[in-house]
Structure formats: structure tokens, C-alpha cells
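First comes the structure, then the notes that go with it.
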Amino acid sequence: MSKIKNIGVLTSGGDSPGMNAAIRAVIRASIYYDIEVTGFIRGYEGLINNDFIPMDRKSVANIIQRGGTILKTARSESFRTVEGRKAAYQNLKERGIDALVVIGGDGTFTGANVFAKEFDFPIVGLPGTIDNDLAGTDFTIGYDSAINTVIDAVDRIRDTAESHDRLFIVEVMGRDSGLIALRSGIGVGAEAIMIPEANMNADDILHKLEHSRKDKASKIIIVAEGDENGGAFKVGEILQEKYPHYDTKVSVLGHIQRGGKPTCMDRVLASQLGVAAVEGLISGERSVMVGQMNREIVFTPFDHAIKHIDAEKVSSKWLKLIDILSF
């Protein structure tokens, strides 16, 4: 058995549905393997400020269905400094904590990677982000919930779009990645999808609309917020000018995509990865993200997981699928 006796756990960066399920799995797995577990409040800020709570079974009762994170989250500027990381390390040693499980995205893993190298400290990360923009896992915790939230919202928007012959430009989250727009756009039957990876501009949207069915009562365009060639409001202005007979509207879904109850898929994924993170630390894994690929648990070094989106996630076949289905 590992010498690990006390594991710290935190959530950092943007929240995502399923983080609570992941926390629950880490706590219960730690207890199962007779390891103490400590939760840190507000991510790396909690490490620096020594803001912690001892965790037990009761700490994670009735949270698997809740969105957000019971440990709170924050983006820590102090952790970017050497002094901040030294304070965090000192607090961990004083608490007798031997390893960390961090739940978050690329920013969380970037900080964990630096910290692990500086202090030779065992850390395993869980991919908790709605963007699905990490290599080493087919899906991140929260992605499925986010795209289902988008689908539910756009289905409602289409109802009113058809009633009024409206053209809706719907902006979804994804600052550096169009993966939310990609899958949700296919799922709602969007006429066009604008994502950074496709390098599509407003002229391309005009071309698609001109060659689409003229008798459709409504048209939905999904735009990723990070698309530099368009932007929902800019695209809306261009389309309104070109197609004045359509009542063009822009709808920005915003942070509703982060909230709400996690889907079953996210709850199960978070549970599997949370247990795997603890078992990974016990077996000697460090400076890695635990993910699931082809239904198998895999460990990917932080250096590779961060901002290395698998080509398969936005491959040409997905873009072709969009063209075929929107014809």
C-alpha cells in the first residue's frame, strides 16, 4: 500500500456540473482505502490561506445531484507567484497532507504542474470543465450537462422562432474551443455552426442560408463565444441587413450552461474518475490528469493534457456532418 495517509482535494477555475459528484467520489474512495481527506475552500486560495475542512462521509451526503461545488472555487492570482506557492506548500506539510486531487481545467492543471515540479508533490487532476478542451479524455466532467442545457434552451428558442419566422443567432460558451457549439448545434439541427476551429465568417453563413430550404419557418445559427471571425451580435447585424424579411434576434446563453443538475453521464464519469484519482495516487501516479478514453481509465501528463485538444474532437468529419445535416 502507498504511504499516503492524507489527501487534499480542491476545485478551481470555472465551476462545472458534476464537480460535487467528483468530490464525493474522492472522499468516499479515500475513506475506503483508510486515508484521511481534507477539503480546501476556494481552490488554490484555500491552500494559501489555510482555509480547509476535514471531510468524511457526511460531508458529501446528498450532493451527487447538485450543480456547482460545495468546496467553492476561485481563480488565484497569488498561486501564480513563488511566494504564494511556498505558503501553500507549507500549509500542506503542517497539515500532514501527502497528496492532492485537483478538479478543474487547463488553468488548474497549469498551476498544479508548476507546484508539483517545484516541491516534488504528488498531484492527480480530474478534468472538470464544460469546454471539453483537454487531451487525454473523451469527455470532461460537465460537458454533457452543458450541451444538454444548450439543447433545452435552443429547443425553446426554436418554438418562438417558428411562430414568428425569426432567425436566431445563439451564442454559447467556449472561449478557446468550439466543442459546445459543435455538438449542441448538431443536436438542435442548427442551420449553421460557427466555431473557431472551422475558421468560418459571416459570408460563409450567408452562403449557407442562401442555399438552404427557402420554406423553413425558422433558422438557428449557433456561435461559439470565442469565434473571432464573427461574434453573435456582429453576425446578427450582417444577417439582418442581408435578410430584412427575417426578424433576426441574438440570444446569449451565458452562465446558465455552467449551472443546474449534472446529467447521469456526468455523475457517472465524475464518480469513476474520482475513485481512479485516489487509486492512482496510491499506486504512485503523479503530475497526471485522469480521464476516460474508449471507456478505459487513462492517465495523461499535465503537460500534454493542457491545451492539446485531440484532433478527433474537431475533425473534418464533424464539419462535413454539419454541412450534410444543414443542407
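Chain identifiers are assigned as A, B, and so on, following the order in which chains appear in the C-alpha cells; residues are numbered from 1 within each chain, and ligands are numbered from 1 in order of appearance.
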Each residue of range 21-98 of chain A with at least one atom at most 10 Å from range 122-133 of chain A should appear once, together with its nearest atom pair and the corresponding distance in Å (one decimal); atoms considered: only C-alpha atoms; ordering: chain, then increasing residue number; output as a Markdown table.
| residue | atom | partner | partner_atom | distance |
| --- | --- | --- | --- | --- |
| A:Ala22 | CA | A:Leu126 | CA | 8.0 |
| A:Ile23 | CA | A:Leu126 | CA | 9.9 |
| A:Asp98 | CA | A:Pro122 | CA | 7.3 |
Could the residues in this selection be written to a file with N, CA, C and O atoms, as a CSV table (one decimal), in the first residue's frame?
chain,number,residue,atom,x,y,z
A,22,ALA,N,-17.7,14.4,-8.2
A,22,ALA,CA,-16.3,14.1,-8.2
A,22,ALA,C,-15.7,14.2,-6.8
A,22,ALA,O,-14.9,13.4,-6.4
A,23,ILE,N,-16.1,15.3,-6.1
A,23,ILE,CA,-15.6,15.4,-4.7
A,23,ILE,C,-16.1,14.3,-3.9
A,23,ILE,O,-15.3,13.7,-3.1
A,98,ASP,N,-0.3,14.5,2.2
A,98,ASP,CA,0.7,13.8,1.4
A,98,ASP,C,0.5,14.0,-0.1
A,98,ASP,O,1.4,13.8,-0.9
Got a sec: who's within 8 Å of Gly39 in chain A, counting only C-alpha atoms, leaving out chain neighbours fewer than 3 positions off, as a list in words?
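Neighbouring residues, sequence-local ones excluded: Gly8, Val9, Leu10, Phe52, Ile53, Pro54, Met55 and Leu71 of chain A.
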Please, could you write that set of residues out with N, CA and C atoms as a PDB file, in the first residue's frame?
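Okay, result_19.pdb is ready:
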ATOM      1  N   GLY A   8      -5.506  15.901   0.088  1.00  0.00           N
ATOM      2  CA  GLY A   8      -6.243  17.159  -0.007  1.00  0.00           C
ATOM      3  C   GLY A   8      -6.998  17.202  -1.325  1.00  0.00           C
ATOM      4  N   VAL A   9      -8.162  17.829  -1.330  1.00  0.00           N
ATOM      5  CA  VAL A   9      -8.963  17.937  -2.553  1.00  0.00           C
ATOM      6  C   VAL A   9      -9.479  19.365  -2.691  1.00  0.00           C
ATOM      7  N   LEU A  10      -9.500  19.873  -3.914  1.00  0.00           N
ATOM      8  CA  LEU A  10      -9.990  21.226  -4.165  1.00  0.00           C
ATOM      9  C   LEU A  10     -10.586  21.314  -5.564  1.00  0.00           C
ATOM     10  N   PHE A  52      -9.481  25.270   5.251  1.00  0.00           N
ATOM     11  CA  PHE A  52      -9.763  23.863   4.986  1.00  0.00           C
ATOM     12  C   PHE A  52     -10.853  23.331   5.905  1.00  0.00           C
ATOM     13  N   ILE A  53     -11.395  22.172   5.536  1.00  0.00           N
ATOM     14  CA  ILE A  53     -12.333  21.452   6.395  1.00  0.00           C
ATOM     15  C   ILE A  53     -12.029  19.958   6.290  1.00  0.00           C
ATOM     16  N   PRO A  54     -11.959  19.251   7.424  1.00  0.00           N
ATOM     17  CA  PRO A  54     -11.825  17.792   7.367  1.00  0.00           C
ATOM     18  C   PRO A  54     -13.084  17.207   6.735  1.00  0.00           C
ATOM     19  N   MET A  55     -12.924  16.225   5.863  1.00  0.00           N
ATOM     20  CA  MET A  55     -14.059  15.651   5.147  1.00  0.00           C
ATOM     21  C   MET A  55     -14.308  14.220   5.608  1.00  0.00           C
ATOM     22  N   LEU A  71     -17.108  22.933  -2.301  1.00  0.00           N
ATOM     23  CA  LEU A  71     -15.823  23.466  -1.841  1.00  0.00           C
ATOM     24  C   LEU A  71     -15.551  24.874  -2.370  1.00  0.00           C
TER      25      LEU A  71
END
Got a sec: who's within 8 Å of Ser177 in chain A, counting only C-alpha atoms, leaving out chain neighbours fewer than 5 positions off, as a ChimeraX atom specification?
/A:131,133,195-197,224,226
Serialized selection, all heavy atoms, as a short mmCIF file (atom, residue, chain, number, x, y, z; two decimals), in the first residue's frame:
data_model
loop_
_atom_site.label_atom_id
_atom_site.label_comp_id
_atom_site.auth_asym_id
_atom_site.auth_seq_id
_atom_site.Cartn_x
_atom_site.Cartn_y
_atom_site.Cartn_z
N ASP A 131 -15.96 22.88 -21.19
CA ASP A 131 -15.45 23.12 -22.55
C ASP A 131 -14.98 21.87 -23.27
O ASP A 131 -14.83 21.88 -24.49
CB ASP A 131 -14.30 24.13 -22.51
CG ASP A 131 -14.76 25.52 -22.12
OD1 ASP A 131 -15.92 25.86 -22.41
OD2 ASP A 131 -13.98 26.26 -21.51
N ASP A 133 -12.07 20.70 -23.49
CA ASP A 133 -10.90 21.12 -24.26
C ASP A 133 -9.58 20.58 -23.71
O ASP A 133 -8.54 21.23 -23.79
CB ASP A 133 -10.84 22.64 -24.34
CG ASP A 133 -10.75 23.30 -22.97
OD1 ASP A 133 -10.97 22.61 -21.96
OD2 ASP A 133 -10.49 24.51 -22.90
N ILE A 195 -17.56 28.03 -35.23
CA ILE A 195 -16.59 27.68 -34.18
C ILE A 195 -15.21 28.15 -34.61
O ILE A 195 -14.92 28.23 -35.82
CB ILE A 195 -16.58 26.16 -33.91
CG1 ILE A 195 -16.26 25.37 -35.18
CG2 ILE A 195 -17.91 25.72 -33.33
CD1 ILE A 195 -16.12 23.88 -34.96
N PRO A 196 -14.34 28.48 -33.66
CA PRO A 196 -13.00 28.97 -34.02
C PRO A 196 -12.23 27.99 -34.90
O PRO A 196 -11.50 28.40 -35.80
CB PRO A 196 -12.33 29.14 -32.65
CG PRO A 196 -13.44 29.30 -31.68
CD PRO A 196 -14.57 28.48 -32.21
N GLU A 197 -12.41 26.69 -34.65
CA GLU A 197 -11.64 25.67 -35.36
C GLU A 197 -11.99 25.60 -36.85
O GLU A 197 -11.18 25.13 -37.66
CB GLU A 197 -11.86 24.30 -34.72
CG GLU A 197 -11.37 24.18 -33.30
CD GLU A 197 -12.39 24.63 -32.26
OE1 GLU A 197 -13.41 25.25 -32.65
OE2 GLU A 197 -12.18 24.36 -31.07
N ALA A 224 -19.97 30.01 -31.25
CA ALA A 224 -19.13 29.90 -30.05
C ALA A 224 -18.64 31.28 -29.66
O ALA A 224 -18.26 32.08 -30.53
CB ALA A 224 -17.94 28.97 -30.31
N GLY A 226 -15.98 32.33 -28.52
CA GLY A 226 -14.58 32.62 -28.84
C GLY A 226 -14.31 32.75 -30.32
O GLY A 226 -13.15 32.88 -30.71
#
One number please: CA of Gly84 in chain A to CA of Asp51 in chain A, in Å, one decimal.
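Computing the Euclidean distance for CA of Gly84 in chain A and CA of Asp51 in chain A yields 13.9 Å.
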Run DSSP on the backbone and give me the residues of range 110-307 of chain A it puts in helix (DSSP H, G or I), as JSON, numbers by chain.
{"A": [110, 111, 112, 113, 114, 115, 116, 117, 118, 119, 143, 144, 145, 146, 147, 148, 149, 150, 151, 152, 153, 154, 155, 156, 157, 158, 159, 160, 161, 162, 163, 164, 179, 180, 181, 182, 183, 184, 185, 186, 187, 188, 196, 197, 198, 202, 203, 204, 205, 206, 207, 208, 209, 210, 232, 233, 234, 235, 236, 237, 238, 239, 240, 241, 242, 254, 255, 256, 257, 264, 265, 266, 267, 268, 269, 270, 271, 272, 273, 274, 275, 276, 277, 278, 279, 280, 281, 282, 302, 303, 304, 305]}
Can you spit out the residues from that selection as a PDB file, in the first residue's frame, using C-alpha atoms?
ATOM      1  CA  THR A 110      -1.079  24.503 -15.213  1.00  0.00           C
ATOM      2  CA  GLY A 111      -0.828  25.621 -11.573  1.00  0.00           C
ATOM      3  CA  ALA A 112      -0.730  22.035 -10.336  1.00  0.00           C
ATOM      4  CA  ASN A 113       2.033  21.168 -12.781  1.00  0.00           C
ATOM      5  CA  VAL A 114       4.256  24.040 -11.642  1.00  0.00           C
ATOM      6  CA  PHE A 115       3.587  23.283  -7.974  1.00  0.00           C
ATOM      7  CA  ALA A 116       4.301  19.570  -8.376  1.00  0.00           C
ATOM      8  CA  LYS A 117       7.645  20.257 -10.064  1.00  0.00           C
ATOM      9  CA  GLU A 118       8.739  22.884  -7.537  1.00  0.00           C
ATOM     10  CA  PHE A 119       8.021  20.788  -4.450  1.00  0.00           C
ATOM     11  CA  TYR A 143     -19.539  18.907 -20.815  1.00  0.00           C
ATOM     12  CA  ASP A 144     -22.540  16.617 -21.255  1.00  0.00           C
ATOM     13  CA  SER A 145     -24.611  18.686 -18.820  1.00  0.00           C
ATOM     14  CA  ALA A 146     -23.668  21.927 -20.586  1.00  0.00           C
ATOM     15  CA  ILE A 147     -24.599  20.758 -24.068  1.00  0.00           C
ATOM     16  CA  ASN A 148     -27.896  19.365 -22.787  1.00  0.00           C
ATOM     17  CA  THR A 149     -28.631  22.761 -21.212  1.00  0.00           C
ATOM     18  CA  VAL A 150     -27.927  24.395 -24.582  1.00  0.00           C
ATOM     19  CA  ILE A 151     -30.176  21.929 -26.393  1.00  0.00           C
ATOM     20  CA  ASP A 152     -33.036  22.534 -23.973  1.00  0.00           C
ATOM     21  CA  ALA A 153     -32.688  26.317 -24.348  1.00  0.00           C
ATOM     22  CA  VAL A 154     -32.432  26.265 -28.144  1.00  0.00           C
ATOM     23  CA  ASP A 155     -35.402  23.912 -28.477  1.00  0.00           C
ATOM     24  CA  ARG A 156     -37.433  26.547 -26.652  1.00  0.00           C
ATOM     25  CA  ILE A 157     -35.993  29.316 -28.816  1.00  0.00           C
ATOM     26  CA  ARG A 158     -36.947  27.432 -31.970  1.00  0.00           C
ATOM     27  CA  ASP A 159     -40.571  27.289 -30.811  1.00  0.00           C
ATOM     28  CA  THR A 160     -40.828  31.065 -30.854  1.00  0.00           C
ATOM     29  CA  ALA A 161     -38.604  31.338 -33.939  1.00  0.00           C
ATOM     30  CA  GLU A 162     -41.068  29.218 -35.930  1.00  0.00           C
ATOM     31  CA  SER A 163     -44.030  31.160 -34.607  1.00  0.00           C
ATOM     32  CA  HIS A 164     -42.625  34.458 -35.883  1.00  0.00           C
ATOM     33  CA  LEU A 179     -16.866  21.934 -28.844  1.00  0.00           C
ATOM     34  CA  ILE A 180     -20.017  23.040 -27.005  1.00  0.00           C
ATOM     35  CA  ALA A 181     -21.249  24.743 -30.176  1.00  0.00           C
ATOM     36  CA  LEU A 182     -20.271  21.751 -32.295  1.00  0.00           C
ATOM     37  CA  ARG A 183     -22.258  19.027 -30.543  1.00  0.00           C
ATOM     38  CA  SER A 184     -25.159  21.148 -29.368  1.00  0.00           C
ATOM     39  CA  GLY A 185     -25.510  22.646 -32.852  1.00  0.00           C
ATOM     40  CA  ILE A 186     -25.799  19.197 -34.376  1.00  0.00           C
ATOM     41  CA  GLY A 187     -28.177  18.175 -31.599  1.00  0.00           C
ATOM     42  CA  VAL A 188     -30.608  21.036 -32.245  1.00  0.00           C
ATOM     43  CA  PRO A 196     -13.003  28.970 -34.020  1.00  0.00           C
ATOM     44  CA  GLU A 197     -11.644  25.672 -35.361  1.00  0.00           C
ATOM     45  CA  ALA A 198     -13.633  25.946 -38.624  1.00  0.00           C
ATOM     46  CA  ALA A 202     -20.309  35.845 -41.769  1.00  0.00           C
ATOM     47  CA  ASP A 203     -20.010  35.433 -45.556  1.00  0.00           C
ATOM     48  CA  ASP A 204     -19.963  31.660 -45.082  1.00  0.00           C
ATOM     49  CA  ILE A 205     -23.167  31.915 -43.037  1.00  0.00           C
ATOM     50  CA  LEU A 206     -24.780  33.993 -45.795  1.00  0.00           C
ATOM     51  CA  HIS A 207     -23.824  31.348 -48.338  1.00  0.00           C
ATOM     52  CA  LYS A 208     -25.363  28.594 -46.215  1.00  0.00           C
ATOM     53  CA  LEU A 209     -28.600  30.481 -45.736  1.00  0.00           C
ATOM     54  CA  GLU A 210     -28.881  31.291 -49.435  1.00  0.00           C
ATOM     55  CA  ALA A 232     -23.086  36.708 -32.229  1.00  0.00           C
ATOM     56  CA  PHE A 233     -24.037  40.394 -32.383  1.00  0.00           C
ATOM     57  CA  LYS A 234     -21.827  41.152 -35.380  1.00  0.00           C
ATOM     58  CA  VAL A 235     -23.230  38.188 -37.280  1.00  0.00           C
ATOM     59  CA  GLY A 236     -26.738  39.245 -36.300  1.00  0.00           C
ATOM     60  CA  GLU A 237     -26.237  42.740 -37.747  1.00  0.00           C
ATOM     61  CA  ILE A 238     -24.920  41.378 -41.033  1.00  0.00           C
ATOM     62  CA  LEU A 239     -27.734  38.874 -41.437  1.00  0.00           C
ATOM     63  CA  GLN A 240     -30.426  41.406 -40.534  1.00  0.00           C
ATOM     64  CA  GLU A 241     -29.124  43.706 -43.251  1.00  0.00           C
ATOM     65  CA  LYS A 242     -28.997  40.892 -45.815  1.00  0.00           C
ATOM     66  CA  GLY A 254     -24.076  32.652 -20.876  1.00  0.00           C
ATOM     67  CA  HIS A 255     -23.566  31.065 -17.487  1.00  0.00           C
ATOM     68  CA  ILE A 256     -26.742  29.014 -17.425  1.00  0.00           C
ATOM     69  CA  GLN A 257     -24.556  26.452 -19.206  1.00  0.00           C
ATOM     70  CA  CYS A 264     -26.391  10.962 -15.398  1.00  0.00           C
ATOM     71  CA  MET A 265     -23.404  10.730 -17.732  1.00  0.00           C
ATOM     72  CA  ASP A 266     -21.529  13.445 -15.835  1.00  0.00           C
ATOM     73  CA  ARG A 267     -22.381  11.914 -12.448  1.00  0.00           C
ATOM     74  CA  VAL A 268     -21.097   8.504 -13.501  1.00  0.00           C
ATOM     75  CA  LEU A 269     -17.988   9.913 -15.211  1.00  0.00           C
ATOM     76  CA  ALA A 270     -17.147  12.051 -12.160  1.00  0.00           C
ATOM     77  CA  SER A 271     -17.610   9.050  -9.867  1.00  0.00           C
ATOM     78  CA  GLN A 272     -15.358   6.829 -11.967  1.00  0.00           C
ATOM     79  CA  LEU A 273     -12.622   9.434 -12.295  1.00  0.00           C
ATOM     80  CA  GLY A 274     -12.754  10.421  -8.614  1.00  0.00           C
ATOM     81  CA  VAL A 275     -12.137   6.845  -7.484  1.00  0.00           C
ATOM     82  CA  ALA A 276      -9.446   6.390 -10.158  1.00  0.00           C
ATOM     83  CA  ALA A 277      -7.642   9.529  -8.945  1.00  0.00           C
ATOM     84  CA  VAL A 278      -7.311   8.153  -5.401  1.00  0.00           C
ATOM     85  CA  GLU A 279      -6.264   4.727  -6.643  1.00  0.00           C
ATOM     86  CA  GLY A 280      -3.765   6.395  -8.969  1.00  0.00           C
ATOM     87  CA  LEU A 281      -2.138   8.285  -6.110  1.00  0.00           C
ATOM     88  CA  ILE A 282      -1.947   5.072  -4.087  1.00  0.00           C
ATOM     89  CA  PHE A 302      -0.373  17.565 -17.252  1.00  0.00           C
ATOM     90  CA  ASP A 303       1.991  18.891 -19.929  1.00  0.00           C
ATOM     91  CA  HIS A 304       0.070  17.039 -22.614  1.00  0.00           C
ATOM     92  CA  ALA A 305      -3.455  17.441 -21.255  1.00  0.00           C
TER      93      ALA A 305
END
Please identify which residues in range 94-283 of chain A DSSP calls strand (DSSP E) from the backbone, and express them as a VMD selection string.
chain A and resid 99 to 104 123 to 127 166 to 172 192 to 194 219 to 224 247 to 252
Any idea what's packed within 8 Å of range 87-94 of chain A, counting only C-alpha atoms, ignoring anything in its chain fewer than 6 positions away? Could you give it as a list in words?
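Result of the neighbour search: Tyr44, Leu47, Ile48, Asn49, Asn50 and Phe119 of chain A.
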Take the residues from that selection and write them out as a PDB file, in the first residue's frame, keeping N, CA and C atoms.
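File result_29.pdb, as written:
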ATOM      1  N   TYR A  44      -7.024  27.084  -4.997  1.00  0.00           N
ATOM      2  CA  TYR A  44      -5.657  27.363  -4.535  1.00  0.00           C
ATOM      3  C   TYR A  44      -5.615  28.483  -3.499  1.00  0.00           C
ATOM      4  N   LEU A  47      -5.546  26.805  -0.256  1.00  0.00           N
ATOM      5  CA  LEU A  47      -4.218  26.292   0.120  1.00  0.00           C
ATOM      6  C   LEU A  47      -3.366  27.396   0.724  1.00  0.00           C
ATOM      7  N   ILE A  48      -3.399  28.558   0.090  1.00  0.00           N
ATOM      8  CA  ILE A  48      -2.568  29.673   0.540  1.00  0.00           C
ATOM      9  C   ILE A  48      -3.050  30.228   1.880  1.00  0.00           C
ATOM     10  N   ASN A  49      -4.368  30.329   2.046  1.00  0.00           N
ATOM     11  CA  ASN A  49      -4.944  30.906   3.271  1.00  0.00           C
ATOM     12  C   ASN A  49      -5.208  29.878   4.357  1.00  0.00           C
ATOM     13  N   ASN A  50      -4.840  28.634   4.088  1.00  0.00           N
ATOM     14  CA  ASN A  50      -5.051  27.541   5.045  1.00  0.00           C
ATOM     15  C   ASN A  50      -6.526  27.423   5.439  1.00  0.00           C
ATOM     16  N   PHE A 119       7.956  21.387  -5.781  1.00  0.00           N
ATOM     17  CA  PHE A 119       8.021  20.788  -4.450  1.00  0.00           C
ATOM     18  C   PHE A 119       7.975  19.262  -4.460  1.00  0.00           C
TER      19      PHE A 119
END
Give the answer as one residue: which of A:Ser287, A:Ser30, A:Ser16, A:Ser76 has the shortest atom-to-atom distance to Gly104 in chain A, using only C-alpha atoms?
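The closest residue to Gly104 in chain A is A:Ser16.
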Which is closer to Ala61 in chain A than all the others in A:Val82, A:Val223, A:Ile7, A:Ala25, using only C-alpha atoms?
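Of A:Val82, A:Val223, A:Ile7, A:Ala25, the one nearest Ala61 in chain A, counting only C-alpha atoms, is A:Ala25.
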Restricting the calculation to only C-alpha atoms: of A:Thr300, A:Gly13, A:Val290, A:Leu321, which residue gets closest to Glu77 in chain A?
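Of the candidates, the smallest distance to Glu77 in chain A is held by A:Gly13.
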Pick from A:Thr108, A:Phe168, A:Phe121, A:Ala135 nearest to Val298 in chain A, counting only C-alpha atoms:
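Smallest separation from Val298 in chain A among the options: A:Ala135.
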Residues within 10 Å of Arg295 in chain A, only C-alpha atoms, excluding chain neighbours under 4 positions, as a list of chain:residue names
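In the requested format, the answer is A:Thr137, A:Asp138, A:Leu269, A:Gly291.
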Expected file: the selected residues, C-alpha atoms, as a tab-separated table (two decimals), in the first residue's frame:
chain	number	residue	atom	x	y	z
A	137	THR	CA	-10.22	12.14	-22.04
A	138	ASP	CA	-13.10	11.71	-24.45
A	269	LEU	CA	-17.99	9.91	-15.21
A	291	GLY	CA	-9.51	10.63	-17.91
Work out how far apart CA of Val172 in chain A and CA of Ile222 in chain A are and give it in Å to one decimal.
7.2 Å
Closest of A:Val26, A:Ile64, A:Ile41, A:Met200 to Lys261 in chain A - atom-to-atom distances counting only C-alpha atoms:
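Nearest candidate to Lys261 in chain A out of A:Val26, A:Ile64, A:Ile41, A:Met200: A:Ile64.
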